[in-house]
>>> print(open('upload-v5.cif').read())   # mmCIF, C-alpha atoms and all ligand atoms
data_input
#
loop_
_atom_site.group_PDB
_atom_site.id
_atom_site.type_symbol
_atom_site.label_atom_id
_atom_site.label_comp_id
_atom_site.auth_asym_id
_atom_site.auth_seq_id
_atom_site.Cartn_x
_atom_site.Cartn_y
_atom_site.Cartn_z
ATOM 1 C CA MET A 1 20.624 175.994 80.139
ATOM 2 C CA ALA A 2 19.899 172.572 81.532
ATOM 3 C CA HIS A 3 22.357 170.895 83.854
ATOM 4 C CA SER A 4 22.492 167.243 84.527
ATOM 5 C CA VAL A 5 21.793 165.992 87.982
ATOM 6 C CA GLY A 6 21.073 162.297 88.244
ATOM 7 C CA MET A 7 18.187 160.942 90.245
ATOM 8 C CA LEU A 8 18.586 159.296 93.589
ATOM 9 C CA GLY A 9 20.342 155.962 93.473
ATOM 10 C CA GLN A 10 21.276 156.216 89.812
ATOM 11 C CA GLU A 11 23.924 158.493 88.420
ATOM 12 C CA CYS A 12 26.474 160.266 90.541
ATOM 13 C CA PHE A 13 25.967 163.936 90.948
ATOM 14 C CA ASP A 14 28.489 166.576 90.082
ATOM 15 C CA LEU A 15 26.866 169.697 91.366
ATOM 16 C CA LYS A 16 29.900 171.848 91.893
ATOM 17 C CA ASN A 17 29.312 174.016 88.892
ATOM 18 C CA LYS A 18 26.135 172.500 87.732
ATOM 19 C CA ALA A 19 23.231 173.193 89.983
ATOM 20 C CA ILE A 20 20.231 175.258 89.231
ATOM 21 C CA ALA A 21 17.895 176.620 91.792
ATOM 22 C CA HIS A 22 14.274 176.757 90.921
ATOM 23 C CA LEU A 23 12.289 179.509 92.401
ATOM 24 C CA LEU A 24 8.592 179.693 92.031
ATOM 25 C CA ASP A 25 7.340 182.711 90.181
ATOM 26 C CA TYR A 26 3.973 183.896 91.424
ATOM 27 C CA SER A 27 3.231 186.102 88.496
ATOM 28 C CA PHE A 28 3.484 183.502 85.738
ATOM 29 C CA ILE A 29 1.507 180.629 87.102
ATOM 30 C CA ASP A 30 2.992 177.981 84.819
ATOM 31 C CA GLU A 31 6.541 179.176 84.910
ATOM 32 C CA ILE A 32 9.189 178.513 87.511
ATOM 33 C CA PRO A 33 12.021 181.011 87.244
ATOM 34 C CA THR A 34 15.383 179.376 86.879
ATOM 35 C CA ILE A 35 18.552 180.685 88.407
ATOM 36 C CA ASP A 36 21.615 179.445 86.594
ATOM 37 C CA TYR A 37 23.901 178.670 89.500
ATOM 38 C CA SER A 38 27.084 178.939 87.459
ATOM 39 C CA LEU A 39 26.258 182.524 86.430
ATOM 40 C CA LEU A 40 26.206 183.581 90.076
ATOM 41 C CA PHE A 41 29.979 183.202 89.922
ATOM 42 C CA SER A 42 30.548 184.370 86.371
ATOM 43 C CA LYS A 43 33.779 186.267 85.683
ATOM 44 C CA ASP A 44 31.758 188.549 83.424
ATOM 45 C CA HIS A 45 30.791 191.350 85.796
ATOM 46 C CA ASN A 46 27.534 192.230 83.993
ATOM 47 C CA GLU A 47 26.412 188.631 83.710
ATOM 48 C CA ARG A 48 27.099 188.064 87.406
ATOM 49 C CA ALA A 49 25.355 191.282 88.471
ATOM 50 C CA LYS A 50 22.305 190.386 86.366
ATOM 51 C CA SER A 51 22.060 186.912 87.767
ATOM 52 C CA LEU A 52 22.517 188.120 91.368
ATOM 53 C CA GLU A 53 19.776 190.647 90.790
ATOM 54 C CA HIS A 54 17.521 187.879 89.483
ATOM 55 C CA LEU A 55 18.257 185.768 92.567
ATOM 56 C CA GLY A 56 17.585 188.705 94.888
ATOM 57 C CA LYS A 57 14.268 189.421 93.223
ATOM 58 C CA ALA A 58 13.247 185.799 93.402
ATOM 59 C CA CYS A 59 14.170 185.576 97.100
ATOM 60 C CA GLN A 60 12.405 188.766 98.032
ATOM 61 C CA GLU A 61 9.262 188.596 95.953
ATOM 62 C CA PHE A 62 8.679 184.918 95.557
ATOM 63 C CA GLY A 63 10.207 183.382 98.664
ATOM 64 C CA PHE A 64 11.285 180.231 96.937
ATOM 65 C CA PHE A 65 13.500 180.089 94.856
ATOM 66 C CA TYR A 66 14.422 150.245 103.560
ATOM 67 C CA GLU A 67 16.405 148.646 105.727
ATOM 68 C CA GLU A 68 14.476 146.923 108.581
ATOM 69 C CA ARG A 69 11.832 149.516 109.196
ATOM 70 C CA SER A 70 11.231 148.387 112.719
ATOM 71 C CA GLU A 71 14.772 149.393 113.600
ATOM 72 C CA TYR A 72 13.963 153.005 112.821
ATOM 73 C CA LEU A 73 10.443 153.000 114.179
ATOM 74 C CA LYS A 74 11.262 153.208 117.850
ATOM 75 C CA LYS A 75 11.388 156.771 119.065
ATOM 76 C CA ASN A 76 14.288 158.187 120.975
ATOM 77 C CA SER A 77 14.968 161.924 121.284
ATOM 78 C CA MET A 78 18.502 161.456 119.915
ATOM 79 C CA ASP A 79 17.441 159.426 116.859
ATOM 80 C CA ARG A 80 19.551 160.107 113.797
ATOM 81 C CA ILE A 81 17.467 157.869 111.509
ATOM 82 C CA ARG A 82 13.732 157.507 111.918
ATOM 83 C CA TRP A 83 11.087 155.786 109.830
ATOM 84 C CA TYR A 84 7.555 157.041 109.925
ATOM 85 C CA LEU A 85 4.202 156.183 108.372
ATOM 86 C CA ARG A 86 1.052 158.192 108.605
ATOM 87 C CA SER A 87 -2.174 157.602 106.790
ATOM 88 C CA ASP A 88 -5.117 159.651 107.945
ATOM 89 C CA ALA A 89 -7.124 162.687 106.880
ATOM 90 C CA GLY A 90 -4.291 165.096 107.794
ATOM 91 C CA GLU A 91 -1.269 163.348 106.262
ATOM 92 C CA ASN A 92 -0.575 160.396 103.978
ATOM 93 C CA ARG A 93 3.065 159.554 103.565
ATOM 94 C CA GLU A 94 5.724 157.115 104.474
ATOM 95 C CA ASN A 95 9.060 158.661 105.206
ATOM 96 C CA LEU A 96 12.559 158.135 106.376
ATOM 97 C CA LYS A 97 14.373 160.986 108.060
ATOM 98 C CA ILE A 98 18.132 160.938 108.252
ATOM 99 C CA VAL A 99 20.541 163.388 109.863
ATOM 100 C CA THR A 100 23.265 163.765 107.256
ATOM 101 C CA HIS A 101 25.439 166.618 108.566
ATOM 102 C CA PRO A 102 27.655 167.350 110.473
ATOM 103 C CA GLU A 103 27.827 163.549 110.891
ATOM 104 C CA TYR A 104 26.602 161.476 108.000
ATOM 105 C CA HIS A 105 24.070 158.802 108.895
ATOM 106 C CA CYS A 106 22.320 156.500 106.430
ATOM 107 C CA PRO A 107 20.749 153.042 106.547
ATOM 108 C CA SER A 108 23.276 150.503 105.325
ATOM 109 C CA LYS A 109 20.726 148.652 103.178
ATOM 110 C CA PRO A 110 20.309 148.878 100.275
ATOM 111 C CA ASP A 111 24.027 149.580 99.972
ATOM 112 C CA ILE A 112 23.654 151.764 96.871
ATOM 113 C CA CYS A 113 21.676 154.174 99.000
ATOM 114 C CA LYS A 114 24.469 155.204 101.312
ATOM 115 C CA ASP A 115 26.858 156.133 98.519
ATOM 116 C CA ALA A 116 24.291 157.764 96.258
ATOM 117 C CA ILE A 117 22.808 159.929 98.984
ATOM 118 C CA GLY A 118 26.289 160.702 100.327
ATOM 119 C CA GLN A 119 27.522 161.887 96.938
ATOM 120 C CA TYR A 120 24.409 163.886 96.253
ATOM 121 C CA LEU A 121 24.665 165.647 99.609
ATOM 122 C CA LYS A 122 28.352 166.329 99.172
ATOM 123 C CA GLY A 123 27.465 168.146 95.979
ATOM 124 C CA MET A 124 24.613 169.929 97.705
ATOM 125 C CA HIS A 125 26.950 171.149 100.427
ATOM 126 C CA GLU A 126 28.979 172.914 97.735
ATOM 127 C CA VAL A 127 25.771 174.343 96.312
ATOM 128 C CA GLU A 128 24.782 175.496 99.780
ATOM 129 C CA LEU A 129 28.052 177.360 100.300
ATOM 130 C CA GLY A 130 27.697 178.920 96.866
ATOM 131 C CA LEU A 131 24.127 180.041 97.523
ATOM 132 C CA ALA A 132 25.202 181.387 100.920
ATOM 133 C CA LYS A 133 27.801 183.551 99.163
ATOM 134 C CA ALA A 134 25.387 184.720 96.486
ATOM 135 C CA ILE A 135 22.595 185.560 98.942
ATOM 136 C CA SER A 136 25.056 187.315 101.297
ATOM 137 C CA THR A 137 26.145 189.434 98.354
ATOM 138 C CA ILE A 138 22.607 190.435 97.358
ATOM 139 C CA LEU A 139 21.892 191.299 100.971
ATOM 140 C CA GLY A 140 24.802 193.738 100.808
ATOM 141 C CA HIS A 141 27.134 191.758 103.051
ATOM 142 C CA GLU A 142 30.509 190.201 102.537
ATOM 143 C CA GLU A 143 30.399 186.789 100.859
ATOM 144 C CA THR A 144 31.046 184.843 104.038
ATOM 145 C CA TYR A 145 28.248 186.509 106.020
ATOM 146 C CA ILE A 146 25.628 183.719 105.955
ATOM 147 C CA GLU A 147 28.221 180.971 106.178
ATOM 148 C CA LYS A 148 29.483 182.554 109.401
ATOM 149 C CA GLU A 149 26.087 183.546 110.808
ATOM 150 C CA PHE A 150 24.721 180.008 110.372
ATOM 151 C CA LYS A 151 28.046 178.250 111.065
ATOM 152 C CA LEU A 152 27.406 176.169 107.972
ATOM 153 C CA GLU A 153 30.549 174.154 108.406
ATOM 154 C CA ALA A 154 28.744 172.348 111.226
ATOM 155 C CA GLY A 155 25.266 172.857 109.735
ATOM 156 C CA PHE A 156 22.519 170.457 110.797
ATOM 157 C CA TYR A 157 21.061 168.782 107.699
ATOM 158 C CA MET A 158 18.105 166.511 107.533
ATOM 159 C CA ALA A 159 17.383 164.378 104.488
ATOM 160 C CA ILE A 160 13.711 163.411 104.261
ATOM 161 C CA LEU A 161 12.775 160.637 101.847
ATOM 162 C CA ASN A 162 9.045 160.651 101.187
ATOM 163 C CA LEU A 163 6.745 158.167 99.507
ATOM 164 C CA TYR A 164 3.211 159.219 98.503
ATOM 165 C CA PRO A 165 0.796 157.583 98.815
ATOM 166 C CA PRO A 166 2.175 155.349 101.540
ATOM 167 C CA SER A 167 2.242 151.562 101.229
ATOM 168 C CA LEU A 168 -1.199 151.678 102.753
ATOM 169 C CA GLN A 169 -3.471 153.565 100.385
ATOM 170 C CA SER A 170 -4.072 157.166 101.350
ATOM 171 C CA LYS A 171 -7.084 158.108 103.414
ATOM 172 C CA GLY A 172 -7.673 161.535 101.927
ATOM 173 C CA SER A 173 -6.154 163.952 99.480
ATOM 174 C CA ILE A 174 -3.571 165.500 101.802
ATOM 175 C CA GLY A 175 -0.099 164.053 101.358
ATOM 176 C CA LEU A 176 1.455 166.624 103.656
ATOM 177 C CA ALA A 177 -0.444 169.560 105.155
ATOM 178 C CA GLU A 178 0.713 173.135 104.570
ATOM 179 C CA HIS A 179 3.835 174.094 106.438
ATOM 180 C CA THR A 180 7.180 175.859 106.241
ATOM 181 C CA ASP A 181 10.482 174.173 106.951
ATOM 182 C CA PRO A 182 13.121 175.307 109.410
ATOM 183 C CA GLY A 183 16.653 176.104 108.281
ATOM 184 C CA PHE A 184 18.507 178.186 105.726
ATOM 185 C CA PHE A 185 16.887 176.551 102.706
ATOM 186 C CA VAL A 186 15.333 173.313 101.507
ATOM 187 C CA SER A 187 16.449 171.464 98.406
ATOM 188 C CA LEU A 188 14.133 168.951 96.790
ATOM 189 C CA ILE A 189 14.310 166.320 94.076
ATOM 190 C CA GLN A 190 11.426 164.125 92.971
ATOM 191 C CA ASN A 191 10.770 161.252 90.582
ATOM 192 C CA VAL A 192 7.591 162.653 88.999
ATOM 193 C CA ASN A 193 5.966 166.045 88.752
ATOM 194 C CA GLY A 194 2.769 166.773 90.584
ATOM 195 C CA GLY A 195 1.832 166.864 94.213
ATOM 196 C CA LEU A 196 4.040 169.619 95.600
ATOM 197 C CA GLN A 197 2.254 172.962 95.764
ATOM 198 C CA MET A 198 3.424 176.403 96.870
ATOM 199 C CA LEU A 199 1.280 179.175 98.256
ATOM 200 C CA SER A 200 1.623 182.325 96.193
ATOM 201 C CA HIS A 201 1.533 185.781 97.745
ATOM 202 C CA LYS A 202 -1.881 186.146 96.153
ATOM 203 C CA GLY A 203 -3.034 183.195 98.212
ATOM 204 C CA ASN A 204 -3.236 180.640 95.368
ATOM 205 C CA TRP A 205 -1.837 177.140 95.524
ATOM 206 C CA ILE A 206 0.460 176.567 92.574
ATOM 207 C CA THR A 207 1.662 173.127 91.529
ATOM 208 C CA VAL A 208 5.420 172.970 91.132
ATOM 209 C CA HIS A 209 6.524 171.490 87.801
ATOM 210 C CA LEU A 210 10.224 170.821 87.830
ATOM 211 C CA PRO A 211 11.962 170.168 84.544
ATOM 212 C CA ARG A 212 13.727 166.798 84.589
ATOM 213 C CA ASN A 213 17.011 166.621 86.455
ATOM 214 C CA THR A 214 16.594 169.834 88.351
ATOM 215 C CA ILE A 215 16.651 170.703 91.990
ATOM 216 C CA PHE A 216 14.073 172.857 93.692
ATOM 217 C CA ILE A 217 15.311 175.346 96.284
ATOM 218 C CA GLY A 218 12.947 176.951 98.801
ATOM 219 C CA ILE A 219 13.791 179.449 101.518
ATOM 220 C CA GLY A 220 13.617 178.176 105.097
ATOM 221 C CA ASP A 221 12.414 179.767 108.353
ATOM 222 C CA HIS A 222 15.829 180.811 109.595
ATOM 223 C CA LEU A 223 16.662 182.955 106.570
ATOM 224 C CA GLU A 224 13.338 184.700 107.212
ATOM 225 C CA ILE A 225 14.333 185.275 110.848
ATOM 226 C CA LEU A 226 17.895 186.399 110.023
ATOM 227 C CA THR A 227 16.625 188.930 107.470
ATOM 228 C CA ASN A 228 13.833 190.089 109.805
ATOM 229 C CA GLY A 229 11.235 188.978 107.268
ATOM 230 C CA LYS A 230 12.796 190.494 104.132
ATOM 231 C CA TYR A 231 12.968 186.979 102.671
ATOM 232 C CA LYS A 232 10.025 184.737 103.496
ATOM 233 C CA SER A 233 10.028 181.041 104.269
ATOM 234 C CA HIS A 234 7.960 179.302 101.589
ATOM 235 C CA ILE A 235 4.615 177.751 102.520
ATOM 236 C CA HIS A 236 4.042 174.436 100.763
ATOM 237 C CA GLN A 237 1.945 171.275 100.874
ATOM 238 C CA VAL A 238 1.574 167.974 99.046
ATOM 239 C CA ILE A 239 -1.720 166.945 97.474
ATOM 240 C CA LEU A 240 -2.406 163.403 96.317
ATOM 241 C CA ASN A 241 -4.129 162.262 93.195
ATOM 242 C CA ASN A 242 -6.520 159.550 94.457
ATOM 243 C CA ASN A 243 -3.710 157.046 94.976
ATOM 244 C CA LYS A 244 -3.133 157.009 91.207
ATOM 245 C CA VAL A 245 0.447 158.207 91.163
ATOM 246 C CA LYS A 246 3.327 157.012 93.290
ATOM 247 C CA ARG A 247 5.681 159.853 93.945
ATOM 248 C CA ILE A 248 9.015 159.808 95.700
ATOM 249 C CA SER A 249 10.695 162.968 96.856
ATOM 250 C CA MET A 250 13.796 163.753 98.800
ATOM 251 C CA ALA A 251 13.797 167.032 100.661
ATOM 252 C CA THR A 252 16.970 168.157 102.402
ATOM 253 C CA LEU A 253 16.731 170.806 105.084
ATOM 254 C CA HIS A 254 19.993 172.727 105.208
ATOM 255 C CA GLY A 255 20.102 174.232 108.664
ATOM 256 C CA PRO A 256 22.498 176.281 110.767
ATOM 257 C CA SER A 257 24.567 174.386 113.335
ATOM 258 C CA LEU A 258 22.465 173.327 116.320
ATOM 259 C CA ASP A 259 24.213 175.810 118.647
ATOM 260 C CA THR A 260 23.772 178.821 116.340
ATOM 261 C CA PHE A 261 21.699 181.576 117.885
ATOM 262 C CA VAL A 262 19.527 182.957 115.089
ATOM 263 C CA ALA A 263 17.851 186.355 115.449
ATOM 264 C CA PRO A 264 17.172 189.263 113.098
ATOM 265 C CA THR A 265 20.531 190.919 112.455
ATOM 266 C CA PRO A 266 20.937 194.642 113.221
ATOM 267 C CA GLU A 267 21.299 195.492 109.513
ATOM 268 C CA PHE A 268 17.632 194.586 109.016
ATOM 269 C CA ILE A 269 16.383 196.546 112.006
ATOM 270 C CA ASP A 270 15.607 200.256 112.195
ATOM 271 C CA GLU A 271 12.814 202.500 113.417
ATOM 272 C CA SER A 272 10.420 201.427 110.714
ATOM 273 C CA HIS A 273 11.568 197.792 110.879
ATOM 274 C CA PRO A 274 11.571 196.667 114.515
ATOM 275 C CA PRO A 275 12.654 193.076 115.169
ATOM 276 C CA ASN A 276 9.796 190.824 114.126
ATOM 277 C CA TYR A 277 11.142 187.567 115.517
ATOM 278 C CA ARG A 278 12.569 186.407 118.775
ATOM 279 C CA GLY A 279 16.018 184.863 118.687
ATOM 280 C CA MET A 280 16.874 181.328 119.711
ATOM 281 C CA THR A 281 19.425 178.615 119.032
ATOM 282 C CA TYR A 282 18.575 176.335 116.105
ATOM 283 C CA LYS A 283 18.437 173.392 118.492
ATOM 284 C CA LYS A 284 15.969 175.123 120.792
ATOM 285 C CA SER A 285 13.797 176.132 117.859
ATOM 286 C CA LEU A 286 13.605 172.513 116.665
ATOM 287 C CA LYS A 287 12.630 171.322 120.135
ATOM 288 C CA PHE A 288 10.390 174.298 120.844
ATOM 289 C CA ASN A 289 7.073 172.456 120.708
ATOM 290 C CA GLY A 290 8.301 169.325 122.415
ATOM 291 C CA PHE A 291 9.589 167.716 119.223
ATOM 292 C CA ASP A 292 12.896 165.973 118.713
ATOM 293 C CA GLU A 293 15.578 167.466 116.474
ATOM 294 C CA ILE A 294 14.870 164.796 113.883
ATOM 295 C CA ASP A 295 11.228 165.896 113.570
ATOM 296 C CA VAL A 296 12.452 169.204 112.034
ATOM 297 C CA GLN A 297 9.165 170.876 112.882
ATOM 298 C CA SER A 298 8.755 174.559 112.172
ATOM 299 C CA SER A 299 8.041 176.896 115.060
ATOM 300 C CA LEU A 300 8.239 180.062 112.965
ATOM 301 C CA PHE A 301 4.671 181.012 113.801
ATOM 302 C CA GLN A 302 5.538 181.285 117.477
ATOM 303 C CA PHE A 303 8.723 183.272 116.823
ATOM 304 C CA ARG A 304 6.872 186.140 115.233
ATOM 305 C CA MET A 305 6.878 188.778 117.948
ATOM 306 C CA SER A 306 3.334 190.002 117.578
ATOM 307 C CA LEU A 307 2.000 186.471 117.928
ATOM 308 C CA SER A 308 4.402 184.985 120.389
ATOM 309 C CA LEU A 309 4.703 187.557 123.140
HETATM 310 O O1 LIG A 401 7.420 165.745 99.087
HETATM 311 C C1 LIG A 401 7.441 166.933 98.866
HETATM 312 O O2 LIG A 401 7.325 167.416 97.745
HETATM 313 C C2 LIG A 401 7.592 167.924 99.987
HETATM 314 C C3 LIG A 401 8.169 167.320 101.230
HETATM 315 C C4 LIG A 401 8.237 168.314 102.329
HETATM 316 O O3 LIG A 401 7.778 169.416 102.225
HETATM 317 C C5 LIG A 401 8.888 167.946 103.592
HETATM 318 O O4 LIG A 401 9.272 166.775 103.758
HETATM 319 O O5 LIG A 401 9.040 168.856 104.440
HETATM 320 FE FE FE A 402 8.510 170.791 103.657
#
>>> encode(input="upload-v5.cif", output="structure tokens")
Amino acid sequence: MAHSVGMLGQECFDLKNKAIAHLLDYSFIDEIPTIDYSLLFSKDHNERAKSLEHLGKACQEFGFFYEERSEYLKKNSMDRIRWYLRSDAGENRENLKIVTHPEYHCPSKPDICKDAIGQYLKGMHEVELGLAKAISTILGHEETYIEKEFKLEAGFYMAILNLYPPSLQSKGSIGLAEHTDPGFFVSLIQNVNGGLQMLSHKGNWITVHLPRNTIFIGIGDHLEILTNGKYKSHIHQVILNNNKVKRISMATLHGPSLDTFVAPTPEFIDESHPPNYRGMTYKKSLKFNGFDEIDVQSSLFQFRMSLSL
């Protein structure tokens, strides 16, 4: 069933009971499995159990489920809004990163932006808490497990508004090179299909086609760490189409609070599953490679024990 979620800067979003998470299905190349968010909380026990099972399977097997620019160009390690343009062989995008939680920041111009993004993210916070409950349940924990582990009340969120190709024409086909994102999960909306690709477990790049008015949800690094690798952070990239299509996306990284220490929890560790990741606060993990918090760079690769120690 389709749910309405307006696009950025247009309609207001009412996501409370109306979000759907899209999780990429590796086995049916053209099909993205859809989790009906409302069914995760259905009063019908069978319906709820079925939909939780579907979500668990998707998580485990698929891993996904302008103001004055110059003002935001200067770099300071405590930036809460930063504008960025890169156009070279490795990356071609213009983007604006905004810390939106626990304090909400947003450029004040254009004024529609602040309200629209604020309302969208308010809705997404509800969705986040709902997904945290549902995923805690399928992991065999009490509903509040992830919310508590990640201290989501003070979660660090980053909204990333991307434009491909950038105002300068792109200098290659890579919009954004392959990467994973830190955090609990990433939500993404876009104005046109095409560009975003996910790496399947078979090693194929699959283009993500989102039905209109839907939100894509992908698992982030810190759910992988918490579950000791049971759920995998999704590897993705953006490929450009010879400057022919302008695409705008907004990715929101829903992270734990900056002071949360994230490590594999004992429930996911036993003799045959030793801890695969080293633990660290979310803040330290974001700054691990000398980046600022606002860069939201992944350091998952270095947290994997066999590689990092
Ligand atoms: O634009 C997209 O589709 C993906 C953006 C993304 O992966 C990111 O900003 O981390
Ligand atoms: Fe990303």
>>> residues_near_ligand(input="upload-v5.cif", ligand="ligand LIG 401 (chain A)", cutoff="10 Å", atoms="all atoms listed in the file", output="MDAnalysis selection string")
chainID A and resid 93 95:97 158:164 175:182 186:190 192:198 208 216 218 234:239 247:253 295:298
>>> closest_residue(input="upload-v5.cif", among="A:Thr137, A:Ser233, A:Asn289, A:Thr34", to="ligand FE 402 (chain A)", atoms="only C-alpha atoms and all ligand atoms")
A:Ser233
>>> closest_residue(input="upload-v5.cif", among="A:Asp36, A:Asp292, A:Asp221, A:Asp111", to="ligand FE 402 (chain A)", atoms="only C-alpha atoms and all ligand atoms")
A:Asp221
>>> resolve_selection(input="upload-v5.cif", expression="the PyMOL selection byres (((chain A and resi 128-132) around 9) and not hetatm)", output="PyMOL selection string")
chain A and resi 16+37+40-41+123-127+133-137+143-147+152+184-185+254
>>> closest_residue(input="upload-v5.cif", among="A:Ala154, A:Thr207, A:Gly220, A:His105", to="ligand FE 402 (chain A)", atoms="only C-alpha atoms and all ligand atoms")
A:Gly220
>>> closest_residue(input="upload-v5.cif", among="A:Ala49, A:Leu240, A:Ile219, A:Ala89", to="ligand FE 402 (chain A)", atoms="all atoms listed in the file")
A:Ile219
